Amino acid sequence: DPAAPATNLSTALAFTSPPVYVEPVDGSTAGGDLVTITATWRGGPFSADGVRVYFGDAAGTDVTVLAYNATPRSVRLTVRTPSGQAAGLVQGSVDLVSACNLESSMTAEAAARLCDIAFAFEFFTPPSVQVTPTRAAPDGTTTAAGDSSVTITAKNFPSVKSLADVAVSFGAKRCDGVNCSVLGLQNTVDGVVVTASVPAAAQTGSVALTVEYIGAAAPPPGAAAGSTFVRAKKSAAASFTYQVRSMVVTSARFCSNCNTGSTCLVYGQCAIGGAPLWNQMGVSGTGALTLVLDNVPAALATNALKVLSSDQVSQYVLVSLGSSFGVVQRARMAGSTKLVLEVGLSGALQAGQSLTASVSVRADPASPSRSQATFPLELVDTSIQLQCGQCQGPTTGASAVDVVVTNFALTPVTLQAMLVHFGPLVAQQVVWVSSVNGSTRLRVTPPDYTCSACSTSGGSAAVTLRLSYAADDSDVASATFTYWSPPALSSARLLSSGVALTVSFDQSTDRMGAPAGAPTQACAAVFQSADAVLGSGAICTWTADSTLSVSLGIGASVAPGSVLALNGTLRSANLLSATAGPSGAGLAPATPTAPVLLLKGPTTIDPCSSLLVTASATSPRAVQYAWSCLNDASFNAYLAGVSGGTLFLSAGTAQMATVGKTYQIAVVATDFMGFASKVVTISVLKQASPAPQLAFSPSSLSTTRNQAVLVKAQAVFSSCPTAQSSLGFSWRKVSGPADVPDTGFATGPQLYFAPNTLTAGGTYVFALSVWVGDDPSQASESQWELDVGYQSLVAAIDGGSSAMISSDARVKLSAAASQDPDVSIGDPGLSFSWRCTISDGASSLPCQEASTGDELPLPLTSTVDLDPGSLAPSPYPYVFVASVSKTGRAPVTAQKLVYVLAEPVPSITLTMSCSRGADDASGCCEVGDSVLVNPGSRLALEADSDSAGVSFSWALDPAVDLSDPAVAPLGTKGSVAVIQSRAGLLVAGLDYSLQLRGSLNGSVGVAEMGVRVNQPPAGGVCRACRYVEGSDASQCIKDGDSLMDTFQLSCSGWADPEGFSTLYYKFGYQAAGATIWLDESTDSQRLLIFPQGTVTLMAVVIDPCGASTAVLYDQLVVTGESQRRQDTRRGGVLSSALSTALAKVDRAMQCGNVDDVNLMAGSTSLQANYVTAAGSDEAAEVKYQLLQRIVAAANAAVRTSGYVCETLGVLAWLGSRPADIGPPSLNQTSLLINGLADSLAATQFLPMACVESAVTAVSSGLAALTLNVTAATSASAAGTGNVSAARLGNMSAAALALMAA
C-alpha cells in the first residue's frame, strides 16, 4: 500500500576481490618456471617498471607486463618463479603500491588493500624416476625367462586414476599399445609405480625412458572442486640401455637311447621313459647330448636350421668337447632367442674326464663374429653306474647311505685307492659292504655340508656324488646327492593395509604338522613372543607349504624393521632336514601406500555456529594428524596445536576471525609405518548471516560404476536466534560427464544413483543448496565430489583353469567371456592375444605342432581351435595364456593348463556361479583374473562333456569333507553340485581348487578351477559411547539418560587384507528384548538415542566383495525416566522424555534428516513401553505420532533394501505391544508395508534379519487388527463401535505383498 508506512529491510553483503588467474598454478622448487598472472585491482594507474611479484617472501624474476587495461583495472604479466623454495602452498602477491597514483589522504594500509593482488601458488619437488631393470635385449626381453617389462618408480608424481593419465616413452617410441604398453600402475605415498612393456629396438645403446603425467590437472589445495586449472608439466626421465645379452647354455642332458621322431628328448625324457644325465655325456658313441641355448643371435631365427644337413649346420654352430668336437645332428630354433642342439661324438673319448665344453654360434656363415657359451661336462662310461637308495639327507648329521657301483668290482683293499666325493667334500667314512657279479655295495656317511663353499638354494643343494681314483681324481661314476637345509625365513613383508604379514620361507616346509585342509594355527606355535609382537589372537595360516599369512591380533607391535624369530620346530616338507633353529628375519616395509584420509564437516557456518570437522584415515593403528590453514596465518597457528582426528570450535568460532572469508583447512595423516596421506582440504565459509549447515556422509566418494551411490547430507539449523521451519533442498551438477543433467536430477538431502548409470573414469562435482522454507535468505550451498574409477578388465577362459584331453581330440579354448565390466560382455574394444609354452623338463619353450615341430600358431581372436593331433602327448601341461587388452586400460591375463594324453579320455569342463549363503554372506566377485569367494558363499557347480555317459565326481583341494548333506546337499556324484559353505569350512585367505573328474569306460578326465577365499576387514575396533560434541576420542562414557542423551556408535582402525580401500559399516542394537539392524553405509559413525536398560550395540564391517567381520559387540547402561521420576502420568500428558524425543524426531524431519527418524522412533517406541500402560490413550498417541513421522520419512527417503529392512525393524518394534496400535495406526501401517513391499520387489536377496523383521511387523499388525476387531465387535454389540472391513483387507494385502517380495 503506497500510503502505508515504509518498512526497512536489511541484508548483509560481503564484498570480495575478483579472482586472480594464475597459469600454471604450480612450479618446481628449482625455480625458473614462467608463470602468467591476470588480475584486477581497485587502485589507480601504475607504471610497469614498478611491478613486483612475490611468492611467499621470495621475489620472482623477469617480470614482464603483457597487457594493461585502464577500465576496468586489469593487468596481464609474466614472471619467473624464484629458486630454493620449499614444497607446498604459498601466498603470492603482485605489488603495485609503489607505482599507484594514490590520493594523498589514502593510508598505506588502504593502498595495500587496493593495489596488492593476492594469489595462491604451489611449489612441488621435481619428479624423479627409477627403473628396474635398466637393460633389455634388442627384442625387448628383460630376463632370460623372456619377460619384457620394466617397473618404473616415479617419485613426487601426481596421483593417477587410470593408465590414460600416464605417458611412457622409450626414446622416440611412445607406449601406445603398438610399440609397447603401460601394463599397470599403483599410487604410492609419494608418487606412482608404473609397469610397462619394453619395445624392441633396431640397435643397441641407451635411450631416455620418460614418464609424463598427462591426466587432468587436480585443483590446488583449498580450490573449489570442479574448477579448471593449468598445472606445470610433470615428467621425469632415466637412462635405459639396449644391449645384447650373453649367450648361455641353460641345460645339457644326455640320452644313451633316443626317442624316435623329430627329437631325442621328448618332454625331458629319454626313450622308454628313461631319465637323462645332466651335464654328462657317454663315450660309447651312441645317444645324443641335448643342449638348450638362450640369447642366441637374433638373426639366427631367420635361418631354417632344422632342414640343414650336419655339414651345413656346422657353418653356423660349433661344439667343442675339450680336445675334440661334437657333431651337431639336429638344430632348431625355439622362439626367437632359444636354440636346441642335439650333439654326438666325432671320435673316441676317454671316460672319467671333467672338462669345460663350449658352443659358438654365428648368424651369418660369411661373418667371423661368433657368440660363445661354455658349460661343464663330464665324460662317463654309461655301462658303469653309481646308484644310491637314499640320495638325499640333511646338511648336518646325515645317516649313512648305501651306494652301489655297477660293473665295477672293488675289494676292501682296492677301495683304499678310491675317493667318494659329495660336491667339494670328501667322505671320511666309506665302508665296503659287498661285491657281487661285478657290482660293489658301499656304505657311505655324507659329510656335513658346512664348508665355506657350501651353499643351498631353495633349501637344498644338489651336489655330485662321485667315485674317483685317489691318484688322479679321474671319475669312475657319479650320481646326484641332495642336501636339505632347515627352513629359513627368506622374507617377511607387512601388507599395505597394515593388518597382515606375508612370511616366505626358502623352501617347502612341514607346516609344523598343520594339514592342508586345516592350515590355520596359533602363531605362538611358529614364532617366539607371538602375542607381544603379532598381537593377542594373531592367526597364522599356511597358504602354501612355503608361505605363511599372518593376521595380526589386538595390540600388535610389529612394524618395518621388527625381527621375527622362529620357534625352532619347523622342518622341510620331506622331513629330511634338521629342525630350524631360532632364526629370524627383519620385517620389510609394505609397498608405500598412502593412507586414505576423509574429512567430514560443514562447508558453511554462520556467526553463531560451532564447527566440528572430523578426520578419519584407513589404518589399523593410531594415526597422527597434522592440521593447518592454508590462507590465514592466525588460524594456522591455532591449528598447529590441534592433535587427534577432531577439530572443534565452540559457538561463534572466534578462531576464524574474519566474517565472509572461506578458510582452507588442510589435514595430513601419517600412519604407524610412516606413510603420509595426500593433503586433504575442506573449505569452510564463515557466512555473515544465519544459515543452516550441511555435512555429507560420506564426505566424498571414490567408487566404480557397478556400485550404487547414495550420499546423505546432514542438515543442521543455524544456532542464531532465528525462526526455524522445514528446510528446502536443491541439487545441481557443478561439473562432470553429461549422463547426469545439470539440474533437476534430485530433490531432498539425499542423492542416489543406481548401479551402472554413471560414467567410468568420470569425476562429478555436485552442489546442494539448503534454505529455511519461511526465510530463503537463510541459505548456504556445499559441494560434494564423486569419483567413478575404472574396474579392472576381466580375463576368463571357459571350462576351468585346467583340462585333460586326448591327443586325437580338438583343442577348443574360448576367452569370449572376458569383459570390460564397465561396458559389457562382447565389448568390441577388447583385443585378444594368445601364447602357449611347455616345459621340456628344464626350460619353458614355445609350444610346437606335433607333426612338424613348428612353433604353434595362435590367433589374435577370443578363441583357439586346434585340429586333432596338433599337440603331442606330454607329461607336462601345455600352458595357454589369453591376454585381454583395451586402449587406456591395464591388460589382464587368464591361464589354462591343458594336459594331453595318448589314450582316449573324456573331455570335460566345469562352470561355477556363486550366491549368498545361509548366513547372509554375499557370493563372490572377480578381481582381475582372480575369483574371490566369501567364506559363507553358496557355490553352484555344473559339469559338461563332449561325450555321453560320463560319470562325474567333485572334490576340493585342499581337501574338504563334502559328505555332510548340509555342505553338499546334492552330493558329489553328478553333473550338478552345490557347496554350501559354513563357518570354518573354507579358510579365509586360502586358495582352493574345485576339481571335477569325469569317468567313461575306465578312462578319467579331469578339470579344475581355482578360487581364493576372501579375507574380511581386520585390525579395528567398534565401540559405543555417550556423544559429547568436541570431546576427545580417548574418552568414552558408557552410560546416559534414555532419549535425552545421544550416543555414538563408531568403528575405527579397519583395513582390508585384500586391498579394498572402501569399507561399509552396518550397525545395530538390542534393547528391551528386540533387535534392529540399520542400513549399511560407508560412514563409520552413527548417532543414536536409546531406551532405558542395558543396550547391546552391534557392528559389522564389510568389504565391497561382501566379506564381513563377525558381529562386534559393546554395551551401554541407559537410565530411564521411570527410574528417575516415579510420578504417575495422568490426563494423557506425555512424559517429558517422550515429548523431547518427539520434538527431536520433528526436528530431524524439518532438517530432512530422514535416516534419523527411524532410529529415534524405534527407541522412543521402546521407551514408551516402559513408561506407559499397554493399550492406554497415551501409548496409542505416542505410537500414532511416531508412525506418522516414519511414514513421512519413508516417503522422502531413498528406499534402498537396507533402508526398507531398517524400517520394517522399526515397525516390528512399534507393534511389539499390539494393544497400543489403534485403527488409525493400523491403516498407516498396512499402507506403509505395502509400499515397502513394492520397493523390495526387485531385490534378489534379503538378509534373514530383514525377513524376521518383516514377519514380526506383519504379525504385530495382524495381532493389533484382531484386538481392534474384538474391541469393535464388543462396542458394536453395545451400539458404539464401527470397524472398517477395509482395514482388514489392507493389512492382509500388506502381508501378501511382503510375502511376494
# chains A, B, ... in the order shown; residues from 1 in each chain; ligands from 1
>>> residues_around(residues="A:Pro1057", least_positions_apart="3", cutoff="9 Å", atoms="only C-alpha atoms", output="ChimeraX atom specification")
/A:495-500,551,989,1014-1018,1060
>>> write_last_selection(atoms="N, CA, C and O atoms", output="short mmCIF file (atom, residue, chain, number, x, y, z; two decimals), in the first residue's frame")
data_model
loop_
_atom_site.label_atom_id
_atom_site.label_comp_id
_atom_site.auth_asym_id
_atom_site.auth_seq_id
_atom_site.Cartn_x
_atom_site.Cartn_y
_atom_site.Cartn_z
N LEU A 495 51.75 -56.11 4.81
CA LEU A 495 50.86 -55.67 3.75
C LEU A 495 50.56 -54.19 3.89
O LEU A 495 50.63 -53.62 4.98
N SER A 496 50.23 -53.57 2.76
CA SER A 496 49.97 -52.13 2.78
C SER A 496 48.82 -51.78 3.72
O SER A 496 48.77 -50.69 4.28
N SER A 497 47.88 -52.72 3.89
CA SER A 497 46.75 -52.47 4.78
C SER A 497 47.18 -52.39 6.23
O SER A 497 46.48 -51.83 7.08
N GLY A 498 48.35 -52.98 6.57
CA GLY A 498 48.84 -52.95 7.94
C GLY A 498 48.19 -53.96 8.86
O GLY A 498 48.48 -53.97 10.06
N VAL A 499 47.33 -54.84 8.34
CA VAL A 499 46.62 -55.78 9.20
C VAL A 499 47.14 -57.20 9.06
O VAL A 499 46.66 -58.10 9.73
N ALA A 500 48.11 -57.42 8.19
CA ALA A 500 48.59 -58.79 7.96
C ALA A 500 50.02 -58.76 7.46
O ALA A 500 50.51 -57.74 6.95
N SER A 551 47.55 -62.95 10.20
CA SER A 551 46.55 -61.93 10.51
C SER A 551 46.85 -61.40 11.90
O SER A 551 46.78 -62.15 12.88
N GLY A 989 41.63 -66.44 3.01
CA GLY A 989 42.99 -66.21 2.54
C GLY A 989 43.61 -67.38 1.82
O GLY A 989 44.72 -67.28 1.29
N ASN A 1014 37.99 -64.96 0.17
CA ASN A 1014 38.14 -63.56 0.53
C ASN A 1014 38.34 -63.38 2.04
O ASN A 1014 37.67 -64.02 2.84
N GLN A 1015 39.28 -62.52 2.39
CA GLN A 1015 39.51 -62.22 3.80
C GLN A 1015 38.71 -60.97 4.19
O GLN A 1015 38.76 -59.96 3.48
N PRO A 1016 38.01 -61.00 5.30
CA PRO A 1016 37.22 -59.84 5.71
C PRO A 1016 38.12 -58.74 6.25
O PRO A 1016 39.30 -58.97 6.54
N PRO A 1017 37.58 -57.53 6.42
CA PRO A 1017 38.36 -56.45 7.04
C PRO A 1017 38.87 -56.86 8.42
O PRO A 1017 38.28 -57.70 9.10
N ALA A 1018 39.95 -56.24 8.82
CA ALA A 1018 40.59 -56.62 10.09
C ALA A 1018 41.28 -55.41 10.69
O ALA A 1018 41.42 -54.36 10.07
N PHE A 1060 41.02 -53.66 -0.63
CA PHE A 1060 39.90 -52.76 -0.92
C PHE A 1060 40.03 -51.51 -0.05
O PHE A 1060 40.25 -51.61 1.15
#
>>> residues_around(residues="stretch 840-850 of chain A", least_positions_apart="3", cutoff="8 Å", atoms="only C-alpha atoms", output="list in words")
Ala145, Thr250, Ser251, Val266, Tyr267, Gly268, Gln269, Ala334, Gly335, Cys836, Thr837, Gly853, Asp854, Glu855, Leu856, Gly869, Ser870, Leu871, Ala872, Tyr876 and Tyr878 of chain A
>>> residues_around(residues="stretch 558-572 of chain A", least_positions_apart="5", cutoff="9 Å", atoms="only C-alpha atoms", output="NGL selection string")
:A and (459 or 484-489 or 492-494 or 498 or 507-513 or 524-530 or 532-535 or 552 or 577-590 or 672-673)
>>> select_by_dssp(residues="stretch 288-422 of chain A", states="alpha helix (DSSP H)", output="number ranges by chain")
A: 310-313
>>> residues_around(residues="A:Val182", least_positions_apart="5", cutoff="7 Å", atoms="only C-alpha atoms", output="number ranges by chain")
A: 163, 175, 195-197, 890
>>> residues_around(residues="stretch 654-657 of chain A", least_positions_apart="2", cutoff="12 Å", atoms="only C-alpha atoms", output="PyMOL selection string")
chain A and resi 605-611+629+631-639+647-652+659-665+684-688
>>> residues_around(residues="A:Val194", least_positions_apart="3", cutoff="6 Å", atoms="only C-alpha atoms", output="PyMOL selection string")
chain A and resi 151-152+184-185
>>> decode(residues="stretch 141-178 of chain A", atoms="N, CA, C and O atoms", output="mmCIF file, in the first residue's frame")
data_model
loop_
_atom_site.group_PDB
_atom_site.id
_atom_site.type_symbol
_atom_site.label_atom_id
_atom_site.label_comp_id
_atom_site.auth_asym_id
_atom_site.auth_seq_id
_atom_site.Cartn_x
_atom_site.Cartn_y
_atom_site.Cartn_z
ATOM 1 N N THR A 141 63.197 -58.126 -24.448
ATOM 2 C CA THR A 141 63.157 -59.005 -23.283
ATOM 3 C C THR A 141 64.128 -58.498 -22.224
ATOM 4 O O THR A 141 65.239 -58.047 -22.524
ATOM 5 N N THR A 142 63.682 -58.587 -20.981
ATOM 6 C CA THR A 142 64.488 -58.064 -19.875
ATOM 7 C C THR A 142 65.074 -59.157 -18.995
ATOM 8 O O THR A 142 65.909 -58.875 -18.143
ATOM 9 N N THR A 143 64.615 -60.396 -19.153
ATOM 10 C CA THR A 143 65.142 -61.509 -18.365
ATOM 11 C C THR A 143 65.354 -62.706 -19.275
ATOM 12 O O THR A 143 64.806 -62.788 -20.380
ATOM 13 N N ALA A 144 66.122 -63.655 -18.759
ATOM 14 C CA ALA A 144 66.364 -64.879 -19.523
ATOM 15 C C ALA A 144 65.090 -65.688 -19.700
ATOM 16 O O ALA A 144 64.968 -66.470 -20.643
ATOM 17 N N ALA A 145 64.121 -65.488 -18.796
ATOM 18 C CA ALA A 145 62.866 -66.217 -18.899
ATOM 19 C C ALA A 145 61.939 -65.644 -19.964
ATOM 20 O O ALA A 145 60.867 -66.188 -20.208
ATOM 21 N N GLY A 146 62.347 -64.554 -20.594
ATOM 22 C CA GLY A 146 61.533 -63.983 -21.666
ATOM 23 C C GLY A 146 60.618 -62.856 -21.240
ATOM 24 O O GLY A 146 59.811 -62.374 -22.040
ATOM 25 N N ASP A 147 60.699 -62.415 -19.991
ATOM 26 C CA ASP A 147 59.904 -61.262 -19.574
ATOM 27 C C ASP A 147 60.315 -60.034 -20.381
ATOM 28 O O ASP A 147 61.480 -59.876 -20.756
ATOM 29 N N SER A 148 59.354 -59.163 -20.586
ATOM 30 C CA SER A 148 59.653 -57.969 -21.388
ATOM 31 C C SER A 148 58.995 -56.743 -20.773
ATOM 32 O O SER A 148 58.369 -55.952 -21.458
ATOM 33 N N SER A 149 59.122 -56.608 -19.464
ATOM 34 C CA SER A 149 58.515 -55.466 -18.793
ATOM 35 C C SER A 149 59.501 -54.841 -17.830
ATOM 36 O O SER A 149 60.478 -55.471 -17.406
ATOM 37 N N VAL A 150 59.230 -53.591 -17.493
ATOM 38 C CA VAL A 150 60.033 -52.872 -16.519
ATOM 39 C C VAL A 150 59.096 -52.266 -15.473
ATOM 40 O O VAL A 150 57.919 -52.008 -15.740
ATOM 41 N N THR A 151 59.625 -52.048 -14.298
ATOM 42 C CA THR A 151 58.906 -51.358 -13.238
ATOM 43 C C THR A 151 59.515 -49.975 -13.074
ATOM 44 O O THR A 151 60.719 -49.842 -12.858
ATOM 45 N N ILE A 152 58.676 -48.970 -13.192
ATOM 46 C CA ILE A 152 59.126 -47.581 -13.136
ATOM 47 C C ILE A 152 58.565 -46.965 -11.861
ATOM 48 O O ILE A 152 57.352 -46.866 -11.696
ATOM 49 N N THR A 153 59.429 -46.562 -10.961
ATOM 50 C CA THR A 153 59.009 -45.904 -9.725
ATOM 51 C C THR A 153 59.221 -44.415 -9.887
ATOM 52 O O THR A 153 60.359 -43.932 -9.937
ATOM 53 N N ALA A 154 58.120 -43.690 -10.003
ATOM 54 C CA ALA A 154 58.175 -42.243 -10.191
ATOM 55 C C ALA A 154 57.831 -41.571 -8.873
ATOM 56 O O ALA A 154 56.702 -41.722 -8.377
ATOM 57 N N LYS A 155 58.757 -40.859 -8.288
ATOM 58 C CA LYS A 155 58.523 -40.166 -7.032
ATOM 59 C C LYS A 155 58.137 -38.716 -7.294
ATOM 60 O O LYS A 155 58.483 -38.132 -8.320
ATOM 61 N N ASN A 156 57.408 -38.141 -6.332
ATOM 62 C CA ASN A 156 56.900 -36.763 -6.445
ATOM 63 C C ASN A 156 56.067 -36.600 -7.705
ATOM 64 O O ASN A 156 56.145 -35.592 -8.407
ATOM 65 N N PHE A 157 55.273 -37.624 -7.974
ATOM 66 C CA PHE A 157 54.451 -37.678 -9.180
ATOM 67 C C PHE A 157 52.992 -37.550 -8.767
ATOM 68 O O PHE A 157 52.596 -38.031 -7.695
ATOM 69 N N PRO A 158 52.137 -36.936 -9.571
ATOM 70 C CA PRO A 158 50.721 -36.815 -9.195
ATOM 71 C C PRO A 158 50.043 -38.177 -9.099
ATOM 72 O O PRO A 158 50.462 -39.148 -9.742
ATOM 73 N N SER A 159 48.993 -38.243 -8.301
ATOM 74 C CA SER A 159 48.179 -39.460 -8.246
ATOM 75 C C SER A 159 47.488 -39.663 -9.586
ATOM 76 O O SER A 159 47.086 -38.696 -10.240
ATOM 77 N N VAL A 160 47.370 -40.912 -9.990
ATOM 78 C CA VAL A 160 46.766 -41.227 -11.280
ATOM 79 C C VAL A 160 45.515 -42.057 -11.058
ATOM 80 O O VAL A 160 45.408 -42.807 -10.088
ATOM 81 N N LYS A 161 44.558 -41.888 -11.962
ATOM 82 C CA LYS A 161 43.299 -42.624 -11.872
ATOM 83 C C LYS A 161 43.257 -43.794 -12.838
ATOM 84 O O LYS A 161 42.589 -44.788 -12.586
ATOM 85 N N SER A 162 43.932 -43.670 -13.979
ATOM 86 C CA SER A 162 43.897 -44.731 -14.974
ATOM 87 C C SER A 162 45.168 -44.668 -15.797
ATOM 88 O O SER A 162 45.953 -43.708 -15.698
ATOM 89 N N LEU A 163 45.373 -45.692 -16.619
ATOM 90 C CA LEU A 163 46.562 -45.730 -17.465
ATOM 91 C C LEU A 163 46.606 -44.558 -18.429
ATOM 92 O O LEU A 163 47.673 -44.151 -18.878
ATOM 93 N N ALA A 164 45.432 -44.011 -18.756
ATOM 94 C CA ALA A 164 45.382 -42.890 -19.696
ATOM 95 C C ALA A 164 46.009 -41.629 -19.109
ATOM 96 O O ALA A 164 46.264 -40.672 -19.849
ATOM 97 N N ASP A 165 46.271 -41.617 -17.795
ATOM 98 C CA ASP A 165 46.880 -40.440 -17.172
ATOM 99 C C ASP A 165 48.390 -40.415 -17.309
ATOM 100 O O ASP A 165 49.028 -39.426 -16.926
ATOM 101 N N VAL A 166 48.988 -41.500 -17.799
ATOM 102 C CA VAL A 166 50.440 -41.630 -17.823
ATOM 103 C C VAL A 166 50.912 -41.917 -19.242
ATOM 104 O O VAL A 166 50.322 -42.749 -19.942
ATOM 105 N N ALA A 167 51.955 -41.212 -19.657
ATOM 106 C CA ALA A 167 52.599 -41.485 -20.947
ATOM 107 C C ALA A 167 54.017 -41.975 -20.681
ATOM 108 O O ALA A 167 54.767 -41.346 -19.928
ATOM 109 N N VAL A 168 54.369 -43.112 -21.256
ATOM 110 C CA VAL A 168 55.705 -43.684 -21.113
ATOM 111 C C VAL A 168 56.332 -43.769 -22.495
ATOM 112 O O VAL A 168 55.689 -44.228 -23.446
ATOM 113 N N SER A 169 57.577 -43.321 -22.605
ATOM 114 C CA SER A 169 58.276 -43.356 -23.893
ATOM 115 C C SER A 169 59.668 -43.923 -23.691
ATOM 116 O O SER A 169 60.346 -43.626 -22.694
ATOM 117 N N PHE A 170 60.087 -44.754 -24.634
ATOM 118 C CA PHE A 170 61.464 -45.243 -24.716
ATOM 119 C C PHE A 170 62.106 -44.533 -25.905
ATOM 120 O O PHE A 170 61.874 -44.907 -27.056
ATOM 121 N N GLY A 171 62.871 -43.497 -25.607
ATOM 122 C CA GLY A 171 63.380 -42.679 -26.704
ATOM 123 C C GLY A 171 62.213 -42.039 -27.434
ATOM 124 O O GLY A 171 61.333 -41.414 -26.830
ATOM 125 N N ALA A 172 62.162 -42.233 -28.744
ATOM 126 C CA ALA A 172 61.085 -41.655 -29.554
ATOM 127 C C ALA A 172 59.867 -42.565 -29.631
ATOM 128 O O ALA A 172 58.856 -42.189 -30.234
ATOM 129 N N LYS A 173 59.926 -43.739 -29.037
ATOM 130 C CA LYS A 173 58.816 -44.686 -29.119
ATOM 131 C C LYS A 173 57.874 -44.503 -27.941
ATOM 132 O O LYS A 173 58.226 -44.775 -26.787
ATOM 133 N N ARG A 174 56.671 -44.038 -28.236
ATOM 134 C CA ARG A 174 55.646 -43.848 -27.212
ATOM 135 C C ARG A 174 54.917 -45.176 -26.996
ATOM 136 O O ARG A 174 54.565 -45.869 -27.959
ATOM 137 N N CYS A 175 54.665 -45.535 -25.753
ATOM 138 C CA CYS A 175 53.929 -46.765 -25.449
ATOM 139 C C CYS A 175 52.450 -46.522 -25.720
ATOM 140 O O CYS A 175 51.698 -46.089 -24.831
ATOM 141 N N ASP A 176 52.043 -46.806 -26.944
ATOM 142 C CA ASP A 176 50.690 -46.519 -27.402
ATOM 143 C C ASP A 176 49.869 -47.779 -27.612
ATOM 144 O O ASP A 176 48.792 -47.732 -28.208
ATOM 145 N N GLY A 177 50.355 -48.913 -27.109
ATOM 146 C CA GLY A 177 49.657 -50.168 -27.321
ATOM 147 C C GLY A 177 50.139 -50.908 -28.547
ATOM 148 O O GLY A 177 49.756 -52.060 -28.766
ATOM 149 N N VAL A 178 50.952 -50.259 -29.357
ATOM 150 C CA VAL A 178 51.515 -50.901 -30.552
ATOM 151 C C VAL A 178 52.989 -51.164 -30.325
ATOM 152 O O VAL A 178 53.462 -52.302 -30.351
#
